[in-house]
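This is coords-v3.cif (mmCIF, C-alpha atoms).
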```
data_model
loop_
_atom_site.label_atom_id
_atom_site.label_comp_id
_atom_site.auth_asym_id
_atom_site.auth_seq_id
_atom_site.Cartn_x
_atom_site.Cartn_y
_atom_site.Cartn_z
CA MET A 1 37.73 -6.99 5.70
CA ASP A 2 37.81 -7.21 1.87
CA LEU A 3 34.25 -6.28 0.94
CA ASP A 4 34.85 -7.13 -2.71
CA LEU A 5 35.82 -10.70 -1.84
CA LEU A 6 32.42 -12.09 -2.71
CA SER A 7 31.30 -9.41 -5.14
CA GLY A 8 30.94 -11.81 -8.04
CA TYR A 9 29.21 -14.37 -5.88
CA LEU A 10 26.76 -11.79 -4.57
CA GLN A 11 25.88 -10.13 -7.86
CA ASP A 12 24.03 -13.05 -9.39
CA ASP A 13 21.10 -14.87 -7.87
CA PRO A 14 21.28 -18.66 -7.76
CA PRO A 15 18.86 -20.61 -9.92
CA GLY A 16 15.33 -20.58 -8.63
CA THR A 17 15.79 -17.38 -6.59
CA GLY A 18 16.13 -13.73 -7.45
CA SER A 19 14.31 -10.50 -6.91
CA PRO A 20 10.62 -10.55 -6.05
CA ASP A 21 8.17 -10.59 -8.90
CA ASN A 22 7.30 -7.20 -10.38
CA ILE A 23 4.20 -5.97 -8.61
CA SER A 24 2.71 -4.76 -11.88
CA ASP A 25 2.17 -8.42 -12.72
CA TYR A 26 -0.44 -8.72 -10.00
CA GLY A 27 -4.09 -7.84 -10.22
CA ASN A 28 -6.01 -5.94 -7.58
CA SER A 29 -9.54 -5.94 -6.24
CA ASP A 30 -11.23 -3.18 -4.29
CA ALA A 31 -14.30 -5.34 -3.64
CA LEU A 32 -15.68 -5.52 -0.12
CA VAL A 33 -14.78 -8.98 1.21
CA GLN A 34 -16.86 -10.77 3.82
CA VAL A 35 -14.60 -12.46 6.35
CA ARG A 36 -15.61 -15.91 7.53
CA ARG A 37 -15.41 -16.20 11.29
CA ASN A 38 -13.01 -18.98 12.23
CA ILE A 39 -15.07 -20.53 15.04
CA ASN A 40 -15.70 -24.26 15.33
CA LEU A 41 -18.65 -24.74 17.67
CA ASN A 42 -17.88 -28.45 18.02
CA GLN A 43 -14.34 -27.57 19.08
CA VAL A 44 -15.61 -25.03 21.61
CA GLY A 45 -17.91 -27.66 23.10
CA ALA A 46 -15.08 -30.20 23.21
CA VAL A 47 -12.78 -27.78 25.06
CA ILE A 48 -15.51 -26.95 27.59
CA SER A 49 -16.03 -30.68 28.16
CA LYS A 50 -12.30 -31.28 28.70
CA ILE A 51 -12.11 -28.50 31.27
CA GLU A 52 -15.22 -29.75 33.05
CA ASP A 53 -13.80 -33.28 33.11
CA ILE A 54 -10.79 -31.93 34.99
CA PHE A 55 -13.08 -30.10 37.44
CA GLU A 56 -15.06 -33.31 38.05
CA SER A 57 -11.87 -35.30 38.64
CA ILE A 58 -10.76 -32.73 41.22
CA ALA A 59 -14.15 -33.00 42.96
CA ASP A 60 -13.81 -36.80 43.02
CA CYS A 61 -10.39 -36.49 44.69
CA ILE A 62 -11.87 -34.24 47.37
CA LEU A 63 -14.79 -36.60 48.03
CA GLU A 64 -12.68 -39.76 47.96
CA ASP A 65 -10.04 -39.36 50.61
CA GLY A 66 -6.62 -40.53 49.45
CA LYS A 67 -7.36 -40.44 45.71
CA GLU A 68 -4.71 -38.64 43.65
CA LEU A 69 -5.21 -36.75 40.39
CA VAL A 70 -2.30 -36.29 38.00
CA ILE A 71 -2.64 -33.66 35.27
CA GLU A 72 -0.13 -34.06 32.45
CA LEU A 73 0.60 -30.95 30.41
CA LYS A 74 2.41 -31.06 27.09
CA SER A 75 4.85 -28.26 27.60
CA ARG A 76 6.65 -26.05 25.09
CA SER A 77 9.06 -24.95 27.81
CA LYS A 78 12.56 -26.43 27.76
CA SER A 79 13.05 -26.22 31.51
CA LYS A 80 12.35 -28.97 34.05
CA ALA A 81 10.07 -30.96 31.80
CA LYS A 82 10.24 -34.68 31.17
CA VAL A 83 11.16 -35.45 27.56
CA GLU A 84 9.38 -38.33 25.90
CA ASP A 85 9.62 -39.79 22.41
CA ASP A 86 6.41 -39.51 20.49
CA GLY A 87 5.41 -42.62 18.65
CA GLY A 88 6.21 -42.47 15.01
CA ASP A 89 6.48 -38.84 13.97
CA GLY A 90 10.08 -38.32 15.07
CA THR A 91 9.28 -35.47 17.44
CA ARG A 92 9.96 -35.34 21.16
CA ARG A 93 7.37 -33.98 23.56
CA ARG A 94 7.98 -32.47 26.98
CA THR A 95 5.44 -33.16 29.69
CA ILE A 96 4.89 -31.63 33.11
CA LYS A 97 2.99 -33.57 35.77
CA ILE A 98 0.94 -31.59 38.29
CA THR A 99 -0.60 -33.59 41.12
CA PHE A 100 -3.61 -33.00 43.40
CA PRO A 101 -3.53 -33.14 46.37
CA SER A 102 -0.18 -31.40 46.08
CA ARG A 103 2.95 -32.80 47.69
CA ASN A 104 4.68 -29.51 48.50
CA GLN A 105 4.12 -25.75 48.45
CA ARG A 106 5.43 -25.20 44.93
CA GLU A 107 3.31 -28.04 43.58
CA ALA A 108 0.28 -26.48 45.30
CA TRP A 109 1.01 -23.12 43.67
CA LYS A 110 1.35 -24.68 40.22
CA PHE A 111 -1.92 -26.53 40.63
CA THR A 112 -3.75 -23.42 41.86
CA ALA A 113 -2.42 -21.27 38.99
CA LEU A 114 -3.40 -23.91 36.42
CA LEU A 115 -6.85 -24.35 37.95
CA ARG A 116 -7.51 -20.59 37.96
CA ILE A 117 -6.57 -20.28 34.28
CA LEU A 118 -8.83 -23.23 33.40
CA GLU A 119 -11.63 -21.58 35.38
CA LEU A 120 -11.25 -18.25 33.58
CA SER A 121 -11.03 -19.98 30.19
CA HIS A 122 -14.21 -21.94 30.99
CA GLU A 123 -15.91 -18.67 31.96
CA ALA A 124 -14.83 -17.02 28.69
CA LEU A 125 -16.06 -19.98 26.63
CA VAL A 126 -19.43 -20.28 28.35
CA THR A 127 -20.16 -16.54 28.20
CA GLY A 128 -18.71 -16.13 24.70
CA ILE A 129 -16.59 -13.20 25.87
CA VAL A 130 -12.97 -13.25 24.68
CA THR A 131 -10.36 -12.45 27.32
CA THR A 132 -6.65 -11.67 27.03
CA LYS A 133 -3.68 -13.21 28.76
CA ARG A 134 -2.97 -9.84 30.31
CA ASP A 135 -6.53 -9.62 31.69
CA ILE A 136 -6.07 -13.05 33.27
CA TYR A 137 -2.84 -11.96 34.94
CA TYR A 138 -4.44 -8.84 36.43
CA ARG A 139 -7.36 -10.86 37.78
CA GLU A 140 -4.91 -12.64 40.14
CA PRO A 141 -1.52 -10.84 40.09
CA GLU A 142 -0.55 -12.08 43.56
CA LEU A 143 -1.19 -15.68 42.48
CA PHE A 144 0.54 -15.62 39.10
CA MET A 145 3.36 -13.26 40.23
CA LYS A 146 4.44 -12.52 36.65
CA GLN A 147 2.89 -12.41 33.18
CA GLU A 148 5.14 -15.18 31.85
CA VAL A 149 3.42 -17.71 34.11
CA VAL A 150 0.05 -17.03 32.47
CA ASP A 151 1.58 -17.01 28.98
CA ARG A 152 3.23 -20.40 29.53
CA TYR A 153 0.23 -22.16 31.05
CA VAL A 154 -2.22 -20.82 28.46
CA ASP A 155 -0.05 -22.07 25.60
CA ASP A 156 0.61 -25.39 27.34
CA ILE A 157 -3.12 -25.96 27.96
CA ALA A 158 -3.88 -25.27 24.29
CA HIS A 159 -1.03 -27.57 23.25
CA THR A 160 -2.28 -30.32 25.58
CA PHE A 161 -5.85 -30.04 24.27
CA GLY A 162 -4.55 -30.03 20.69
CA VAL A 163 -6.19 -26.71 19.82
CA GLY A 164 -5.16 -23.15 19.11
CA ARG A 165 -5.16 -20.57 21.87
CA ASP A 166 -8.26 -18.98 20.33
CA ALA A 167 -10.19 -22.16 21.12
CA LEU A 168 -9.76 -21.27 24.81
CA ASN A 169 -11.29 -17.83 24.10
CA ILE A 170 -7.98 -16.36 25.25
CA VAL A 171 -5.90 -14.06 23.06
CA ALA A 172 -2.73 -12.05 23.55
CA ALA A 173 -2.99 -8.30 23.98
CA ALA A 174 -2.48 -6.53 20.65
CA LYS A 175 1.20 -5.97 19.84
CA GLY A 176 1.61 -5.45 16.10
CA LEU A 177 0.93 -2.30 14.09
CA VAL A 178 -0.56 -1.80 10.63
CA ALA A 179 -0.94 1.18 8.30
CA GLY A 180 -2.20 1.31 4.76
CA SER A 181 -4.83 1.81 2.12
CA PHE A 182 -7.72 -0.27 3.41
CA ARG A 183 -10.73 -0.17 5.69
CA LEU A 184 -12.52 -2.79 7.70
CA THR A 185 -15.77 -3.28 9.57
CA ARG A 186 -15.87 -4.99 12.94
CA ARG A 187 -18.58 -7.41 13.96
CA ASP A 188 -19.96 -4.72 16.27
CA THR A 189 -20.56 -2.66 13.04
CA SER A 190 -17.83 -0.09 13.86
CA VAL A 191 -15.71 0.96 10.87
CA ILE A 192 -11.95 1.56 10.90
CA ASP A 193 -10.66 3.51 7.91
CA PHE A 194 -6.90 3.12 7.97
CA THR A 195 -6.48 5.83 5.33
CA LEU A 196 -7.52 8.28 8.07
CA GLU A 197 -4.88 6.88 10.43
CA PRO A 198 -1.71 7.45 8.40
CA GLU A 199 0.68 6.55 11.23
CA GLY A 200 -0.99 3.20 11.84
CA LEU A 201 -3.01 1.42 14.52
CA LEU A 202 -2.76 -1.76 16.55
CA ILE A 203 -3.49 -4.86 14.48
CA PRO A 204 -7.11 -5.88 15.12
CA ASN A 205 -8.18 -9.33 16.24
CA PRO A 206 -9.02 -11.21 13.00
CA ASN A 207 -12.01 -12.86 14.69
CA ASP A 208 -13.53 -9.40 15.24
CA ILE A 209 -13.42 -8.48 11.53
CA GLU A 210 -16.67 -8.63 9.57
CA THR A 211 -15.52 -7.17 6.23
CA ILE A 212 -12.26 -5.90 4.78
CA GLN A 213 -11.75 -3.71 1.71
CA PHE A 214 -8.45 -3.02 -0.03
CA LEU A 215 -8.30 0.42 -1.69
CA ASP A 216 -6.13 0.00 -4.78
CA VAL A 217 -3.52 -1.97 -2.81
CA LYS A 218 -0.57 -3.20 -4.90
CA TRP A 219 1.72 -4.64 -2.21
CA ILE A 220 2.00 -5.63 1.46
CA LEU A 221 5.27 -5.02 3.32
CA VAL A 222 6.14 -6.73 6.61
CA VAL A 223 8.97 -4.95 8.42
CA GLU A 224 10.89 -6.34 11.38
CA LYS A 225 11.36 -3.17 13.41
CA GLU A 226 8.93 -0.68 14.87
CA ALA A 227 11.33 2.19 14.18
CA THR A 228 11.34 1.39 10.45
CA PHE A 229 7.55 1.05 10.49
CA ARG A 230 7.21 4.46 12.18
CA THR A 231 9.50 6.09 9.61
CA LEU A 232 7.55 4.68 6.67
CA ALA A 233 4.10 5.25 8.20
CA THR A 234 4.83 8.82 9.30
CA ASN A 235 6.00 9.64 5.77
CA GLN A 236 2.90 7.86 4.41
CA TYR A 237 5.00 5.63 2.20
CA TRP A 238 2.00 3.28 1.97
CA ASN A 239 0.15 6.03 0.06
CA ASP A 240 2.92 7.78 -1.89
CA SER A 241 5.16 4.92 -3.07
CA GLN A 242 6.05 4.90 -6.77
CA ALA A 243 5.03 1.24 -6.69
CA GLY A 244 1.47 2.19 -5.82
CA ARG A 245 -0.51 2.08 -2.61
CA GLY A 246 0.19 -0.61 -0.06
CA ILE A 247 -0.07 -1.91 3.48
CA ILE A 248 2.76 -1.91 6.04
CA ILE A 249 2.82 -4.30 9.02
CA THR A 250 5.18 -4.81 11.94
CA ALA A 251 5.04 -7.14 14.94
CA LYS A 252 8.01 -5.33 16.55
CA GLY A 253 10.33 -8.31 16.20
CA TYR A 254 9.32 -11.96 16.33
CA PRO A 255 5.63 -12.02 15.40
CA ASP A 256 2.86 -12.75 17.85
CA ILE A 257 -0.06 -15.00 16.91
CA GLN A 258 -2.48 -12.12 16.23
CA SER A 259 -0.09 -10.44 13.77
CA ARG A 260 0.46 -13.74 11.97
CA GLN A 261 -3.29 -14.44 11.87
CA PHE A 262 -3.93 -10.99 10.42
CA LEU A 263 -1.32 -11.40 7.69
CA HIS A 264 -2.73 -14.86 6.92
CA LEU A 265 -6.20 -13.33 6.62
CA LEU A 266 -4.96 -10.68 4.16
CA SER A 267 -3.19 -13.29 2.06
CA THR A 268 -6.24 -15.58 2.08
CA TYR A 269 -8.75 -13.00 0.89
CA HIS A 270 -6.38 -11.20 -1.49
CA PRO A 271 -4.00 -13.95 -2.69
CA THR A 272 -2.87 -12.00 -5.77
CA ILE A 273 -1.37 -9.14 -3.75
CA PRO A 274 2.37 -9.83 -3.22
CA ILE A 275 3.69 -9.86 0.34
CA PHE A 276 7.29 -8.82 1.01
CA ALA A 277 9.47 -8.98 4.12
CA LEU A 278 12.10 -6.41 5.10
CA VAL A 279 14.28 -7.72 7.95
CA ASP A 280 17.78 -7.29 9.34
CA PHE A 281 20.61 -9.20 7.71
CA ASP A 282 21.22 -11.44 10.69
CA PRO A 283 20.01 -14.85 11.92
CA ASP A 284 17.16 -13.30 13.92
CA GLY A 285 15.95 -11.39 10.86
CA LEU A 286 15.82 -14.59 8.81
CA GLY A 287 14.18 -16.38 11.76
CA ILE A 288 11.47 -13.72 11.92
CA MET A 289 10.79 -14.03 8.20
CA SER A 290 10.72 -17.83 8.49
CA THR A 291 8.13 -17.60 11.27
CA TYR A 292 5.82 -15.58 9.02
CA LYS A 293 6.44 -17.82 6.04
CA HIS A 294 6.58 -21.33 7.50
CA GLY A 295 5.28 -21.00 11.06
CA SER A 296 6.82 -21.82 14.42
CA GLN A 297 7.60 -25.31 15.65
CA ALA A 298 6.72 -24.27 19.20
CA LEU A 299 3.22 -23.26 18.05
CA SER A 300 2.68 -26.03 15.51
CA HIS A 301 -0.74 -26.73 17.05
CA GLU A 302 -1.95 -23.26 16.02
CA LEU A 303 -3.77 -23.16 12.67
CA ASN A 304 -4.03 -20.45 10.00
CA LEU A 305 -0.71 -18.80 10.74
CA ALA A 306 1.81 -19.60 7.98
CA VAL A 307 1.94 -17.44 4.84
CA PRO A 308 4.12 -19.34 2.32
CA SER A 309 3.79 -16.57 -0.28
CA VAL A 310 5.99 -14.15 1.71
CA GLN A 311 8.91 -12.98 -0.46
CA TRP A 312 12.25 -11.73 0.83
CA LEU A 313 12.76 -8.09 -0.16
CA GLY A 314 15.87 -7.50 1.97
CA VAL A 315 18.25 -6.95 3.61
CA ARG A 316 20.55 -9.24 1.62
CA SER A 317 24.33 -9.24 1.52
CA ARG A 318 24.36 -7.69 -1.96
CA ASP A 319 22.53 -4.65 -0.56
CA PHE A 320 25.58 -3.48 1.36
CA LEU A 321 28.64 -5.56 0.39
CA GLY A 322 30.83 -4.66 -2.56
CA LYS A 323 32.44 -1.54 -3.97
CA GLY A 324 31.55 1.61 -2.14
CA ALA A 325 30.11 -0.21 0.86
CA ASP A 326 30.10 1.67 4.14
CA ALA A 327 31.75 -0.61 6.69
CA ARG A 328 30.49 1.61 9.53
CA GLY A 329 27.01 0.20 9.10
CA MET A 330 28.13 -3.39 9.58
CA LEU A 331 28.44 -5.33 12.81
CA LYS A 332 30.23 -8.51 13.84
CA LEU A 333 28.25 -11.63 14.62
CA THR A 334 27.98 -12.50 18.30
CA ALA A 335 28.46 -16.02 19.64
CA ARG A 336 24.67 -16.26 19.93
CA ASP A 337 24.27 -15.17 16.29
CA ARG A 338 26.64 -17.90 15.13
CA ARG A 339 24.83 -20.57 17.17
CA ILE A 340 21.47 -19.56 15.68
CA ALA A 341 22.91 -19.46 12.15
CA LEU A 342 24.44 -22.92 12.47
CA ARG A 343 21.17 -24.31 13.85
CA MET A 344 19.22 -22.78 10.96
CA LEU A 345 21.62 -24.31 8.44
CA GLY A 346 20.60 -27.66 9.87
CA TRP A 347 16.99 -27.11 8.87
CA ASP A 348 15.91 -29.34 6.01
CA GLU A 349 14.30 -26.64 3.89
CA GLU A 350 15.23 -27.12 0.24
CA LYS A 351 12.95 -24.28 -0.79
CA ASP A 352 15.05 -21.86 1.27
CA THR A 353 18.33 -22.33 -0.56
CA GLU A 354 18.86 -18.57 -0.80
CA TRP A 355 18.54 -18.19 2.95
CA ARG A 356 21.15 -20.91 3.44
CA ARG A 357 23.44 -19.12 1.02
CA GLU A 358 23.08 -15.82 2.88
CA LEU A 359 23.63 -17.50 6.25
CA GLN A 360 26.85 -18.96 4.88
CA VAL A 361 27.95 -15.47 3.80
CA MET A 362 27.22 -14.18 7.31
CA LEU A 363 29.34 -16.90 8.88
CA LEU A 364 32.15 -16.65 6.34
CA LEU A 365 32.55 -12.88 6.69
CA ASN A 366 31.41 -12.76 10.34
CA VAL A 367 29.16 -9.83 9.47
CA LYS A 368 25.58 -8.71 9.99
CA ALA A 369 23.68 -5.52 9.24
CA GLU A 370 20.51 -3.81 10.36
CA ILE A 371 17.81 -2.35 8.11
CA GLN A 372 19.22 1.11 8.85
CA ILE A 373 22.23 0.34 6.63
CA LEU A 374 19.91 1.00 3.69
CA GLY A 375 19.45 4.55 4.95
CA ASN A 376 16.62 6.46 6.58
CA GLY A 377 13.98 8.74 5.18
CA GLU A 378 14.46 9.48 1.49
CA ARG A 379 17.24 6.92 0.93
CA LEU A 380 15.08 4.12 2.33
CA ARG A 381 12.13 5.28 0.22
CA GLU A 382 14.24 5.21 -2.94
CA TRP A 383 15.57 1.74 -2.13
CA LEU A 384 12.04 0.42 -1.54
CA ASP A 385 10.69 2.02 -4.71
CA GLU A 386 13.42 0.42 -6.78
CA ARG A 387 12.89 -3.03 -5.22
CA LEU A 388 9.10 -3.01 -5.22
CA MET A 389 9.00 -1.91 -8.84
CA GLY A 390 11.43 -4.68 -9.77
CA MET A 391 13.99 -2.33 -11.39
#
```

Could you render the structure from this file as structure tokens?
Amino acid sequence: MDLDLLSGYLQDDPPGTGSPDNISDYGNSDALVQVRRNINLNQVGAVISKIEDIFESIADCILEDGKELVIELKSRSKSKAKVEDDGGDGTRRRTIKITFPSRNQREAWKFTALLRILELSHEALVTGIVTTKRDIYYREPELFMKQEVVDRYVDDIAHTFGVGRDALNIVAAAKGLVAGSFRLTRRDTSVIDFTLEPEGLLIPNPNDIETIQFLDVKWILVVEKEATFRTLATNQYWNDSQAGRGIIITAKGYPDIQSRQFLHLLSTYHPTIPIFALVDFDPDGLGIMSTYKHGSQALSHELNLAVPSVQWLGVRSRDFLGKGADARGMLKLTARDRRIALRMLGWDEEKDTEWRRELQVMLLLNVKAEIQILGNGERLREWLDERLMGM
């Protein structure tokens, strides 16, 4: 492969793109910020009413012999769901019909699993105690059989009701990690000082946060991989960077809702602090960054997730292609990679012209690269310092 083939093309940024803004241009506030709790009591009451309406309809079917109840779920799953055109907005919705009384054993299982999840959600809403999808699974492991069943039905119920998963008082178990120069107070008055936890902690539930205080934070860095996060956190890059103190976040791949909510919260209460993304140079890396920045089509009913201010720090093609490039750190695209890249090129996102350009480079050279191509330890630190300082 001729790595200098596109050297001229890769050296210059196209109009309207380029390196992230210099972080010295941004202000900073160490003020203690009160976090507004994102709870809509009217919405909670409406969800309780919808669940109770289903319960009443089931009771009517039991009392009235021969009456059939059909529950239609708007499903995000692509398997075995009826596809229907939605009127007017150009989207297509998948629906799953679950009947009671059930017509066969599998239908009976589906109905029982759905009913149990509705029951546990109703219990969580009435008592005001938040539960997790994992807790729900372990309440009835023999019924649900696997965690994915609970995950799918919870998201489908929320999608059908037109609310976020939080409105069911059900959250995912914490997945993401965060380290940095800040502290927060939970609503139970407990204080978490992240400066005393240099290697990071699980991302807290944003609805549990009472106050949050940045401590001379100059930047926020979202990294794709846990291994990269561990390297940076263990070396306390968030505290010792030449670019100033910062916050480092990872969701260990494609971000979960809680990680996206937390990043959205940080950007909302400290909008002048720049947020950067460090992801692999491959279609999945760009997809992960797009999920943070623009949101996910599958979870379009979830609110307060997208963070449009996210800037792409790397990895770009210019970071490893050209004279002196080490070909050993590069990989060939798989058939799956190429399918994803071609699908992404079909997105109508004019604001992401640079992403399209980089995807075209991937396809043209049939190459991808992981974050590790930038180096580990000191080499990665130097690369980050140079980029964050805008040199």

Residue members of the PyMOL selection byres ((chain A and resi 213) around 6) in the file shown, as a VMD selection string: chain A and resid 32 182 to 183 212 214

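Distance annotation: of A:Trp219, A:Tyr153, A:Tyr237, A:Tyr269, the residue with the minimal separation from A:Leu168 is A:Tyr153; atom set is only C-alpha atoms.
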
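For the pair atom CA of A:Pro271 and atom CA of A:Asp385, the interatomic distance is 21.8 Å.
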
Residue with smallest distance to A:Tyr138 - pool A:Thr195, A:Ile117, A:Leu73, A:Ala124, counting only C-alpha atoms: A:Ile117

Picked residues, the PyMOL selection byres ((chain A and resi 251-262) around 10), expected as number ranges by chain: A: 164-166, 171-178, 202-207, 209, 222-229, 249-250, 263-268, 279, 284-285, 287-293, 295-296, 299, 302-307

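Between atom CA of A:Asp193 and atom CA of A:Ser181 the separation is 8.4 Å.
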
Residue with smallest distance to A:Thr234 - pool A:Asn366, A:Thr272, A:Thr160, A:Gly377, counting all atoms listed in the file: A:Gly377

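Once the PyMOL selection byres ((chain A and resi 310) around 8) is applied to the depicted file, the selected set reads A:Pro274, A:Ile275, A:Phe276, A:Ala277, A:Tyr292, A:Lys293, A:Val307, A:Pro308, A:Ser309, A:Gln311, A:Trp312.
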
Å distance separating atom CA of A:Val70 from atom CA of A:Glu107, one decimal place: 11.4 Å

Counting all atoms listed in the file, what is within 12 Å of A:Lys146, bar same-chain residues fewer than 6 positions away, as a PDB file with C-alpha atoms, keeping the file's coordinate frame?
```
ATOM      1  CA  ALA A 113      -2.420 -21.270  38.990  1.00  0.00           C
ATOM      2  CA  LYS A 133      -3.680 -13.210  28.760  1.00  0.00           C
ATOM      3  CA  ARG A 134      -2.970  -9.840  30.310  1.00  0.00           C
ATOM      4  CA  ILE A 136      -6.070 -13.050  33.270  1.00  0.00           C
ATOM      5  CA  TYR A 137      -2.840 -11.960  34.940  1.00  0.00           C
ATOM      6  CA  TYR A 138      -4.440  -8.840  36.430  1.00  0.00           C
ATOM      7  CA  ARG A 139      -7.360 -10.860  37.780  1.00  0.00           C
ATOM      8  CA  GLU A 140      -4.910 -12.640  40.140  1.00  0.00           C
ATOM      9  CA  ARG A 152       3.230 -20.400  29.530  1.00  0.00           C
ATOM     10  CA  TYR A 153       0.230 -22.160  31.050  1.00  0.00           C
TER      11      TYR A 153
END
```

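Shortest atom-to-atom contact with A:Ser190 among A:Glu56, A:Glu210, A:Phe161, A:Leu221: A:Glu210, counting all atoms listed in the file.
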
Residue with smallest distance to A:Gly128 - pool A:Leu374, A:Ile48, A:Met145, A:Val154, counting all atoms listed in the file: A:Ile48

Point (-21.2, -6.2, 13.1) neighbourhood (9 Å, all atoms listed in the file) written as a list in words: Thr185, Arg186, Arg187, Asp188, Thr189, Ser190, Asp208, Ile209, Glu210 and Thr211 of chain A

Save out the residues we just selected, C-alpha atoms, as a PDB file, keeping the file's coordinate frame.
```
ATOM      1  CA  THR A 185     -15.770  -3.280   9.570  1.00  0.00           C
ATOM      2  CA  ARG A 186     -15.870  -4.990  12.940  1.00  0.00           C
ATOM      3  CA  ARG A 187     -18.580  -7.410  13.960  1.00  0.00           C
ATOM      4  CA  ASP A 188     -19.960  -4.720  16.270  1.00  0.00           C
ATOM      5  CA  THR A 189     -20.560  -2.660  13.040  1.00  0.00           C
ATOM      6  CA  SER A 190     -17.830  -0.090  13.860  1.00  0.00           C
ATOM      7  CA  ASP A 208     -13.530  -9.400  15.240  1.00  0.00           C
ATOM      8  CA  ILE A 209     -13.420  -8.480  11.530  1.00  0.00           C
ATOM      9  CA  GLU A 210     -16.670  -8.630   9.570  1.00  0.00           C
ATOM     10  CA  THR A 211     -15.520  -7.170   6.230  1.00  0.00           C
TER      11      THR A 211
END
```

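In this comparison, which uses all atoms listed in the file, the residue of A:Gln43, A:Ser75, A:Thr231, A:Gln236 approaching A:Phe194 most closely is A:Gln236.
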